[in-house]
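Heads up, work.pdb below (PDB, C-alpha atoms and all ligand atoms):
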ATOM      1  CA  MET Z   1      85.111  78.390 103.544
ATOM      2  CA  THR Z   2      85.212  80.441 100.380
ATOM      3  CA  PRO Z   3      88.652  79.875  98.881
ATOM      4  CA  ASP Z   4      88.556  82.854  96.540
ATOM      5  CA  LEU Z   5      86.714  85.588  98.352
ATOM      6  CA  VAL Z   6      88.328  88.894  97.459
ATOM      7  CA  GLY Z   7      90.119  89.538  94.192
ATOM      8  CA  GLY Z   8      91.522  86.048  93.966
ATOM      9  CA  VAL Z   9      93.120  86.198  97.412
ATOM     10  CA  GLU Z  10      92.568  83.142  99.591
ATOM     11  CA  SER Z  11      90.409  83.410 102.706
ATOM     12  CA  PRO Z  12      92.150  83.921 106.036
ATOM     13  CA  ASP Z  13      93.035  80.935 108.189
ATOM     14  CA  TYR Z  14      91.842  82.383 111.465
ATOM     15  CA  ALA Z  15      93.349  79.545 113.452
ATOM     16  CA  SER Z  16      97.003  80.279 112.752
ATOM     17  CA  HIS Z  17      97.393  83.976 113.251
ATOM     18  CA  ASP Z  18      99.522  85.834 115.686
ATOM     19  CA  ARG Z  19      96.898  88.157 117.132
ATOM     20  CA  ALA Z  20      99.051  89.881 119.705
ATOM     21  CA  ALA Z  21      98.474  93.599 119.219
ATOM     22  CA  HIS Z  22     101.437  94.574 121.407
ATOM     23  CA  GLU Z  23     104.190  92.758 119.513
ATOM     24  CA  PRO Z  24     106.593  94.710 117.248
ATOM     25  CA  TYR Z  25     105.299  95.011 113.721
ATOM     26  CA  VAL Z  26     106.883  92.694 111.183
ATOM     27  CA  ALA Z  27     106.398  93.538 107.507
ATOM     28  CA  VAL Z  28     103.787  91.401 105.753
ATOM     29  CA  PHE Z  29     104.932  91.862 102.174
ATOM     30  CA  THR Z  30     108.208  89.982 102.045
ATOM     31  CA  GLY Z  31     109.194  86.802 100.212
ATOM     32  CA  ASP Z  32     106.287  84.792  98.807
ATOM     33  CA  VAL Z  33     103.714  87.267 100.105
ATOM     34  CA  LYS Z  34     105.445  90.141  98.262
ATOM     35  CA  ARG Z  35     105.518  88.002  95.134
ATOM     36  CA  GLU Z  36     101.792  87.355  95.597
ATOM     37  CA  LEU Z  37     101.176  91.109  95.801
ATOM     38  CA  ASP Z  38     103.269  91.718  92.684
ATOM     39  CA  GLU Z  39     101.244  89.120  90.790
ATOM     40  CA  LEU Z  40      98.017  90.609  92.117
ATOM     41  CA  LEU Z  41      98.968  94.050  90.822
ATOM     42  CA  THR Z  42      99.281  92.691  87.276
ATOM     43  CA  ARG Z  43      95.560  91.891  87.336
ATOM     44  CA  TYR Z  44      94.386  95.449  88.015
ATOM     45  CA  PRO Z  45      94.517  98.571  85.834
ATOM     46  CA  THR Z  46      95.874 100.699  88.699
ATOM     47  CA  LYS Z  47      97.585  99.991  92.007
ATOM     48  CA  MET Z  48      94.702 101.632  93.845
ATOM     49  CA  ALA Z  49      92.273  99.115  92.339
ATOM     50  CA  ALA Z  50      94.113  96.329  94.161
ATOM     51  CA  LEU Z  51      93.544  97.904  97.586
ATOM     52  CA  LEU Z  52      90.829  95.558  98.868
ATOM     53  CA  PRO Z  53      92.646  92.282  98.025
ATOM     54  CA  ALA Z  54      95.937  93.728  99.305
ATOM     55  CA  LEU Z  55      94.270  94.447 102.648
ATOM     56  CA  TRP Z  56      92.789  90.972 102.588
ATOM     57  CA  ILE Z  57      96.303  89.546 102.312
ATOM     58  CA  VAL Z  58      97.319  91.511 105.422
ATOM     59  CA  GLN Z  59      94.312  90.134 107.301
ATOM     60  CA  ARG Z  60      94.986  86.591 106.088
ATOM     61  CA  GLU Z  61      98.586  86.811 107.290
ATOM     62  CA  ARG Z  62      97.975  88.572 110.625
ATOM     63  CA  GLY Z  63      94.309  87.973 111.452
ATOM     64  CA  TRP Z  64      93.590  91.718 111.485
ATOM     65  CA  VAL Z  65      94.687  94.962 109.825
ATOM     66  CA  SER Z  66      96.742  97.201 112.091
ATOM     67  CA  ASP Z  67      97.674 100.828 111.407
ATOM     68  CA  GLU Z  68     101.155  99.557 110.478
ATOM     69  CA  GLY Z  69      99.613  97.079 108.037
ATOM     70  CA  MET Z  70      97.566  99.880 106.469
ATOM     71  CA  ALA Z  71     100.711 102.013 106.149
ATOM     72  CA  GLU Z  72     102.556  99.131 104.509
ATOM     73  CA  VAL Z  73      99.764  98.655 101.967
ATOM     74  CA  ALA Z  74      99.657 102.407 101.367
ATOM     75  CA  GLY Z  75     103.371 102.424 100.584
ATOM     76  CA  PHE Z  76     103.147  99.660  98.000
ATOM     77  CA  LEU Z  77     100.036 101.086  96.321
ATOM     78  CA  ASP Z  78     101.196 104.739  96.297
ATOM     79  CA  LEU Z  79      98.314 105.804  98.553
ATOM     80  CA  THR Z  80      98.268 107.722 101.811
ATOM     81  CA  PRO Z  81      97.744 105.799 105.074
ATOM     82  CA  ALA Z  82      94.724 108.032 105.709
ATOM     83  CA  TYR Z  83      93.119 106.933 102.437
ATOM     84  CA  VAL Z  84      93.704 103.262 103.268
ATOM     85  CA  LYS Z  85      92.295 103.723 106.768
ATOM     86  CA  GLY Z  86      89.232 105.386 105.276
ATOM     87  CA  VAL Z  87      88.600 102.264 103.201
ATOM     88  CA  VAL Z  88      89.284  99.842 106.071
ATOM     89  CA  THR Z  89      86.823 101.625 108.327
ATOM     90  CA  VAL Z  90      84.048 101.359 105.737
ATOM     91  CA  TYR Z  91      84.055  97.566 105.535
ATOM     92  CA  THR Z  92      83.190  95.377 108.537
ATOM     93  CA  MET Z  93      85.044  92.504 106.793
ATOM     94  CA  TYR Z  94      88.348  94.093 107.855
ATOM     95  CA  HIS Z  95      89.242  93.703 111.523
ATOM     96  CA  GLN Z  96      90.883  96.781 113.027
ATOM     97  CA  HIS Z  97      91.834  94.866 116.173
ATOM     98  CA  PRO Z  98      92.608  91.224 116.967
ATOM     99  CA  VAL Z  99      89.575  88.932 116.959
ATOM    100  CA  GLY Z 100      88.839  85.397 118.108
ATOM    101  CA  LYS Z 101      89.484  82.284 116.054
ATOM    102  CA  TYR Z 102      85.811  82.377 115.057
ATOM    103  CA  PHE Z 103      84.456  85.764 113.990
ATOM    104  CA  ILE Z 104      80.662  85.535 114.265
ATOM    105  CA  GLN Z 105      78.426  88.089 112.563
ATOM    106  CA  VAL Z 106      74.773  87.948 113.567
ATOM    107  CA  CYS Z 107      72.028  89.959 111.915
ATOM    108  CA  THR Z 108      70.276  91.876 114.675
ATOM    109  CA  THR Z 109      67.688  93.636 112.589
ATOM    110  CA  SER Z 110      64.147  92.576 113.477
ATOM    111  CA  PRO Z 111      63.128  89.760 113.143
ATOM    112  CA  CYS Z 112      66.669  88.446 113.276
ATOM    113  CA  GLY Z 113      67.678  90.198 116.478
ATOM    114  CA  ILE Z 114      66.624  87.591 119.016
ATOM    115  CA  LEU Z 115      69.634  85.425 118.291
ATOM    116  CA  VAL Z 116      72.551  87.603 119.298
ATOM    117  CA  LYS Z 117      71.912  87.155 123.034
ATOM    118  CA  ALA Z 118      72.116  83.389 122.623
ATOM    119  CA  PHE Z 119      75.517  83.712 120.951
ATOM    120  CA  LEU Z 120      76.843  86.021 123.624
ATOM    121  CA  ARG Z 121      75.655  83.677 126.366
ATOM    122  CA  HIS Z 122      76.983  80.448 124.841
ATOM    123  CA  THR Z 123      80.359  81.810 123.687
ATOM    124  CA  ASN Z 124      81.101  83.574 127.005
ATOM    125  CA  ALA Z 125      82.037  86.604 124.902
ATOM    126  CA  GLY Z 126      79.936  88.730 127.256
ATOM    127  CA  GLU Z 127      79.690  91.777 125.026
ATOM    128  CA  LEU Z 128      79.517  92.494 121.334
ATOM    129  CA  GLY Z 129      82.980  93.004 119.852
ATOM    130  CA  ILE Z 130      84.765  91.525 122.883
ATOM    131  CA  THR Z 131      86.624  88.254 122.292
ATOM    132  CA  SER Z 132      85.809  85.375 124.646
ATOM    133  CA  PRO Z 133      88.453  84.613 127.328
ATOM    134  CA  ASP Z 134      89.612  81.493 125.444
ATOM    135  CA  GLY Z 135      90.342  83.602 122.332
ATOM    136  CA  LYS Z 136      87.935  81.609 120.202
ATOM    137  CA  PHE Z 137      84.891  83.769 119.642
ATOM    138  CA  THR Z 138      84.221  87.366 118.674
ATOM    139  CA  VAL Z 139      80.555  88.218 118.097
ATOM    140  CA  ILE Z 140      79.396  91.375 116.343
ATOM    141  CA  GLU Z 141      76.018  92.552 115.130
ATOM    142  CA  VAL Z 142      75.394  93.492 111.528
ATOM    143  CA  GLU Z 143      72.440  95.334 110.067
ATOM    144  CA  CYS Z 144      71.469  92.792 107.419
ATOM    145  CA  LEU Z 145      73.213  89.798 105.885
ATOM    146  CA  GLY Z 146      70.949  89.765 102.845
ATOM    147  CA  ALA Z 147      69.033  86.641 103.784
ATOM    148  CA  CYS Z 148      65.990  88.104 105.499
ATOM    149  CA  GLY Z 149      63.812  85.236 104.246
ATOM    150  CA  PHE Z 150      65.990  82.730 106.109
ATOM    151  CA  ALA Z 151      66.164  84.376 109.514
ATOM    152  CA  THR Z 152      68.348  84.338 111.352
ATOM    153  CA  PRO Z 153      71.439  84.265 109.140
ATOM    154  CA  VAL Z 154      74.871  84.071 110.770
ATOM    155  CA  MET Z 155      78.365  84.308 109.304
ATOM    156  CA  VAL Z 156      81.184  82.392 110.991
ATOM    157  CA  ASN Z 157      84.386  83.628 109.377
ATOM    158  CA  GLU Z 158      83.499  83.084 105.673
ATOM    159  CA  GLU Z 159      80.831  80.426 106.236
ATOM    160  CA  PHE Z 160      77.221  81.578 105.751
ATOM    161  CA  ILE Z 161      74.627  79.742 107.856
ATOM    162  CA  GLU Z 162      70.872  80.326 107.455
ATOM    163  CA  SER Z 163      67.860  79.700 109.678
ATOM    164  CA  VAL Z 164      69.750  79.663 112.971
ATOM    165  CA  THR Z 165      67.527  79.657 116.046
ATOM    166  CA  PRO Z 166      68.606  80.134 119.691
ATOM    167  CA  ASP Z 167      68.271  76.410 120.428
ATOM    168  CA  LYS Z 168      70.689  75.607 117.565
ATOM    169  CA  VAL Z 169      73.461  77.881 118.869
ATOM    170  CA  PRO Z 170      75.110  75.399 121.306
ATOM    171  CA  GLU Z 171      75.273  72.721 118.603
ATOM    172  CA  LEU Z 172      76.726  75.188 116.094
ATOM    173  CA  LEU Z 173      79.402  76.309 118.559
ATOM    174  CA  ALA Z 174      80.238  72.714 119.501
ATOM    175  CA  ARG Z 175      80.918  72.020 115.824
ATOM    176  CA  LEU Z 176      83.406  74.908 115.757
ATOM    177  CA  ALA Z 177      85.266  74.020 118.935
TER     178      ALA Z 177
HETATM  179  S1  LIG U 201      67.096  91.575 108.354
HETATM  180 FE1  LIG U 201      68.342  89.861 108.969
HETATM  181  S2  LIG U 201      69.251  89.224 107.114
HETATM  182 FE2  LIG U 201      68.118  90.942 106.524
END
Turn this file's structure into structure tokens for me.
Ligand code: FES
Amino acid sequence: MTPDLVGGVESPDYASHDRAAHEPYVAVFTGDVKRELDELLTRYPTKMAALLPALWIVQRERGWVSDEGMAEVAGFLDLTPAYVKGVVTVYTMYHQHPVGKYFIQVCTTSPCGILVKAFLRHTNAGELGITSPDGKFTVIEVECLGACGFATPVMVNEEFIESVTPDKVPELLARLA
């Protein structure tokens, strides 16, 4: 895990989130989390500049960034919800819907592409972007993870793993379980 991934904000703990999309929205920025945001804002020249780490806090607290979460961030940073949504939709690092405990990104650009089928088969996720029935695994494809010389690279949450081959997938997943 990378403890300090975005603007000094700690990486999400994917294991402890309430991922239920249907539950009433509860504000993220209260108490200690609001104090964390206030401290974060002192490190940036403008409120807007703190947008990415503020969104990261929402994802760390809830496991994903809902429209309500975007609106809450927009309110604190004096931005419009539409602007915040525009930023969220640019970055695959922000989840716009609940995901599994392990969020697996697999490079599917040739020559890396052979691996994604092995992940789908062994996680029972079935399809890209669909979380496995046990809530543990969400697999997506990405265009390039910047490690083409160490094919196939895979990201599991914030952990970067190189040189993964189809026969190594079951062992990798067993380590996560
Ligand atoms: S093509 Fe797979 S990491 Fe670049």
If I put a ball of radius 8 Å at (92.8, 92.5, 107.8) in the file's coordinates, which residues poke into it when counting only C-alpha atoms, written as a list in words?
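In the file's frame, the residues around the point are Leu55, Trp56, Ile57, Val58, Gln59, Arg60, Arg62, Gly63, Trp64, Val65, Ser66, Met93, Tyr94, His95 and Gln96 of chain Z.
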Could the residues in this selection be saved with C-alpha atoms as a PDB file, keeping the file's coordinate frame?
ATOM      1  CA  LEU Z  55      94.270  94.447 102.648  1.00  0.00           C
ATOM      2  CA  TRP Z  56      92.789  90.972 102.588  1.00  0.00           C
ATOM      3  CA  ILE Z  57      96.303  89.546 102.312  1.00  0.00           C
ATOM      4  CA  VAL Z  58      97.319  91.511 105.422  1.00  0.00           C
ATOM      5  CA  GLN Z  59      94.312  90.134 107.301  1.00  0.00           C
ATOM      6  CA  ARG Z  60      94.986  86.591 106.088  1.00  0.00           C
ATOM      7  CA  ARG Z  62      97.975  88.572 110.625  1.00  0.00           C
ATOM      8  CA  GLY Z  63      94.309  87.973 111.452  1.00  0.00           C
ATOM      9  CA  TRP Z  64      93.590  91.718 111.485  1.00  0.00           C
ATOM     10  CA  VAL Z  65      94.687  94.962 109.825  1.00  0.00           C
ATOM     11  CA  SER Z  66      96.742  97.201 112.091  1.00  0.00           C
ATOM     12  CA  MET Z  93      85.044  92.504 106.793  1.00  0.00           C
ATOM     13  CA  TYR Z  94      88.348  94.093 107.855  1.00  0.00           C
ATOM     14  CA  HIS Z  95      89.242  93.703 111.523  1.00  0.00           C
ATOM     15  CA  GLN Z  96      90.883  96.781 113.027  1.00  0.00           C
TER      16      GLN Z  96
END
Expansion of the PyMOL selection byres (((chain Z and resi 124-137) around 8) and not hetatm) into residues, as a ChimeraX atom specification:
/Z:99-104,120-123,138-141
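Pocket residues of ligand LIG 201 (chain U), taken as those with any atom at most 9 Å away using all atoms listed in the file, are Z:Val106, Z:Cys107, Z:Thr108, Z:Thr109, Z:Ser110, Z:Pro111, Z:Cys112, Z:Gly113, Z:Val142, Z:Glu143, Z:Cys144, Z:Leu145, Z:Gly146, Z:Ala147, Z:Cys148, Z:Gly149, Z:Phe150, Z:Ala151, Z:Thr152, Z:Pro153, Z:Val154.
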Using atom CA of Z:Leu52 and atom CA of Z:Pro24 as the two end points, give the distance in Å to one decimal.
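Computing the Euclidean distance for atom CA of Z:Leu52 and atom CA of Z:Pro24 yields 24.2 Å.
Using the PyMOL selection byres (((chain Z and resi 166) around 6) and not hetatm) on this structure selects Leu115, Ala118, Thr165, Asp167, Lys168 and Val169 of chain Z.
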Work out how far apart atom CA of Z:Glu171 and atom CA of Z:Asn157 are and give it in Å to one decimal.
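If I compute the distance from atom CA of Z:Glu171 to atom CA of Z:Asn157, I get 16.9 Å.
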For atom CA of Z:Val88 and atom CA of Z:Glu23, determine how far apart the two atoms are, in Å to one decimal place.
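According to the coordinates, atom CA of Z:Val88 and atom CA of Z:Glu23 are separated by 21.3 Å.
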Could you state which residues are captured by the PyMOL selection byres (((chain Z and resi 37) around 12) and not hetatm) in this file, as an mmCIF file with C-alpha atoms, in the coordinates of the input?
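Done, and the output landed in expr18.cif:
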data_model
loop_
_atom_site.group_PDB
_atom_site.id
_atom_site.type_symbol
_atom_site.label_atom_id
_atom_site.label_comp_id
_atom_site.auth_asym_id
_atom_site.auth_seq_id
_atom_site.Cartn_x
_atom_site.Cartn_y
_atom_site.Cartn_z
ATOM 1 C CA GLY Z 7 90.119 89.538 94.192
ATOM 2 C CA GLY Z 8 91.522 86.048 93.966
ATOM 3 C CA VAL Z 9 93.120 86.198 97.412
ATOM 4 C CA VAL Z 28 103.787 91.401 105.753
ATOM 5 C CA PHE Z 29 104.932 91.862 102.174
ATOM 6 C CA THR Z 30 108.208 89.982 102.045
ATOM 7 C CA GLY Z 31 109.194 86.802 100.212
ATOM 8 C CA ASP Z 32 106.287 84.792 98.807
ATOM 9 C CA VAL Z 33 103.714 87.267 100.105
ATOM 10 C CA LYS Z 34 105.445 90.141 98.262
ATOM 11 C CA ARG Z 35 105.518 88.002 95.134
ATOM 12 C CA GLU Z 36 101.792 87.355 95.597
ATOM 13 C CA ASP Z 38 103.269 91.718 92.684
ATOM 14 C CA GLU Z 39 101.244 89.120 90.790
ATOM 15 C CA LEU Z 40 98.017 90.609 92.117
ATOM 16 C CA LEU Z 41 98.968 94.050 90.822
ATOM 17 C CA THR Z 42 99.281 92.691 87.276
ATOM 18 C CA ARG Z 43 95.560 91.891 87.336
ATOM 19 C CA TYR Z 44 94.386 95.449 88.015
ATOM 20 C CA LYS Z 47 97.585 99.991 92.007
ATOM 21 C CA ALA Z 50 94.113 96.329 94.161
ATOM 22 C CA LEU Z 51 93.544 97.904 97.586
ATOM 23 C CA LEU Z 52 90.829 95.558 98.868
ATOM 24 C CA PRO Z 53 92.646 92.282 98.025
ATOM 25 C CA ALA Z 54 95.937 93.728 99.305
ATOM 26 C CA LEU Z 55 94.270 94.447 102.648
ATOM 27 C CA TRP Z 56 92.789 90.972 102.588
ATOM 28 C CA ILE Z 57 96.303 89.546 102.312
ATOM 29 C CA VAL Z 58 97.319 91.511 105.422
ATOM 30 C CA GLU Z 72 102.556 99.131 104.509
ATOM 31 C CA VAL Z 73 99.764 98.655 101.967
ATOM 32 C CA PHE Z 76 103.147 99.660 98.000
ATOM 33 C CA LEU Z 77 100.036 101.086 96.321
#
From (102.6, 99.5, 116.6), in the file's coordinates, out to 10 Å: which residues are reached, counting only C-alpha atoms? Answer as a count of residues only.
10
Tell me which of Z:Thr80, Z:Thr46, Z:Thr89, Z:Gln105 sits closest to Z:Glu159, counting all atoms listed in the file.
Z:Gln105
